[in-house]
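These notes concern the structure reproduced below.
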Amino acid sequence: MKILTVCLGNICRSPMAEGVLRHLAEQRGLTIETDSAGTGNYHVGEAPDRRAVAAMRQNGIDISDLRARQFDPADVDRFDLLLAMDADNLRNMERVAPVPHFHAKTKLMMDFAPKHPEREVPDPYFGEDEGFDQVYRMLVEACNAVLDQVEQAQRKATEG
Ligand code: 4NP
């Protein structure tokens, strides 16, 4: 199972989402591949924003190894599930990769947390530090639900 998380800059939300996913998957003993990308190219090659690194580190997760890259149309073929942080990201992904199977593979991250009051993960870049903690909590809720589904699918596959 290969999962790509996508935001605008690939230095705040999507690397945090990748870090949460790979951490929770490891805790569950689940094997998944993760990556993240940004629809914009402003921060290509950069490490995650220091506030994102700090918020994750407070929760015992290290994302300092990640580096930003731009979303590539071929990502729709390379990954099984593509999770966009907000509706703008999703629109921009479809604009550069308008393939027939686009909608079958892509979702908003918060689609996995239907009980959460927000449908989009808010961009914390221009806000206060608290915004990063809020993003972290939203991502944990949604990513746990993503991994519940992955676990179910893997169980079905091994049971035949
Ligand atoms: P992200 O946050 O999409 O969560 O990585 C942003 C990072 C940088 C910018 C915007 C959003 N920017 O405009 O540079």
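Identifiers for the structure tokens are assigned positionally: chains receive A, B, ... in sequence, residues are indexed from 1 per chain, and ligands are indexed from 1 in the order shown.
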Task: Within-7 Å residues of ligand 1, basis only C-alpha atoms and all ligand atoms, as a list in words - done: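 Based on only C-alpha atoms and all ligand atoms, ligand 1 is surrounded within 7 Å by Cys7, Leu8, Gly9, Asn10, Ile11, Cys12, Arg13, Ser14, Gly38, Tyr42, His43, Asp123, Pro124 and Tyr125 of chain A.
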Task: Contacts of Glu18 of chain A within 8 Å, only C-alpha atoms, excl. fewer than 6 positions in-chain, as a list in words - done: Leu4, Thr5, Thr34, Asp35 and Ser36 of chain A
Open item on the list: When DSSP is applied to the backbone of this structure, which of chain A are assigned helix (DSSP H, G or I)? Write them out as a PyMOL selection string.
Closed with: chain A and resi 13-28+50-57+75-78+87-96+102-105+109-112+130-159
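If you measure from each of A:His116, A:Met1, A:Phe71, A:Glu130 to Asn92 of chain A using only C-alpha atoms, the closest one turns out to be A:Phe71.
With only C-alpha atoms as the atoms that count, the minimum distance from Asp62 of chain A to the choices A:Lys2, A:Arg155, A:His23, A:Arg91 is reached by A:His23.
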- [ ] Using only C-alpha atoms, find the one residue out of A:Ile32, A:Ala17, A:Ala97, A:Ala25 that sits nearest to Val53 of chain A.
- [x]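 Under the stated criterion, the closest residue is A:Ala17.
Running DSSP on the backbone gives strand (DSSP E or B) for these residues within segment 9-79 of chain A: Glu33, Thr34, Asp35, Ser36, Ala37, Gly38 and Gln70 of chain A.
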Once you have the residues from the selection above, write them out as a short mmCIF file (atom, residue, chain, number, x, y, z; two decimals), in the first residue's frame, restricted to N, CA and C atoms.
data_model
loop_
_atom_site.label_atom_id
_atom_site.label_comp_id
_atom_site.auth_asym_id
_atom_site.auth_seq_id
_atom_site.Cartn_x
_atom_site.Cartn_y
_atom_site.Cartn_z
N GLU A 33 3.99 2.18 2.39
CA GLU A 33 4.98 3.15 1.90
C GLU A 33 4.33 4.51 1.92
N THR A 34 5.08 5.52 2.35
CA THR A 34 4.52 6.87 2.40
C THR A 34 5.43 7.85 1.69
N ASP A 35 4.82 8.91 1.19
CA ASP A 35 5.58 10.03 0.65
C ASP A 35 4.66 11.23 0.74
N SER A 36 5.21 12.43 0.51
CA SER A 36 4.37 13.62 0.48
C SER A 36 4.87 14.56 -0.60
N ALA A 37 3.99 15.48 -1.02
CA ALA A 37 4.33 16.40 -2.11
C ALA A 37 3.50 17.66 -1.96
N GLY A 38 3.94 18.72 -2.64
CA GLY A 38 3.21 19.98 -2.64
C GLY A 38 2.77 20.32 -4.06
N GLN A 70 7.66 18.67 -5.54
CA GLN A 70 6.39 19.08 -6.14
C GLN A 70 5.60 17.86 -6.58
#
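The closest residue to Ala142 of chain A, picked from A:Glu128, A:Gly160, A:Leu82, A:Pro114 and counting only C-alpha atoms, is A:Pro114.
Counting from atom CA of Met138 of chain A, the distance to atom CA of Met110 of chain A is 7.9 Å.
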Task: Selection: 10 Å around Ala54 of chain A, only C-alpha atoms, excl. self and same-chain fewer than 3 positions, as a PyMOL selection string - done: chain A and resi 48-51+57-64+129+132-133
TODO: Could you tell me which of A:Met109, A:Leu66, A:Met16, A:Ala47 comes closest to Val146 of chain A if we count only C-alpha atoms?
DONE: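 Ranked by minimum distance to Val146 of chain A, first place goes to A:Met109.
Using only C-alpha atoms for every distance, the candidate list A:Ala68, A:Val135, A:Met56, A:Leu108 yields A:Leu108 as the residue closest to Asp86 of chain A.
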Task: Contact residues around Val150 of chain A with only C-alpha atoms at 12 Å, ignoring same-chain residues under 5 positions, as a list of chain:residue names - done: A:Met1, A:Lys2, A:Ile3, A:Leu21, A:Leu24, A:Ala25, A:Arg28, A:Gly29, A:Leu30, A:Thr31, A:Ile32, A:Glu33, A:Asp80, A:Leu81, A:Phe112, A:Cys143, A:Asn144, A:Ala145, A:Arg155, A:Lys156, A:Ala157
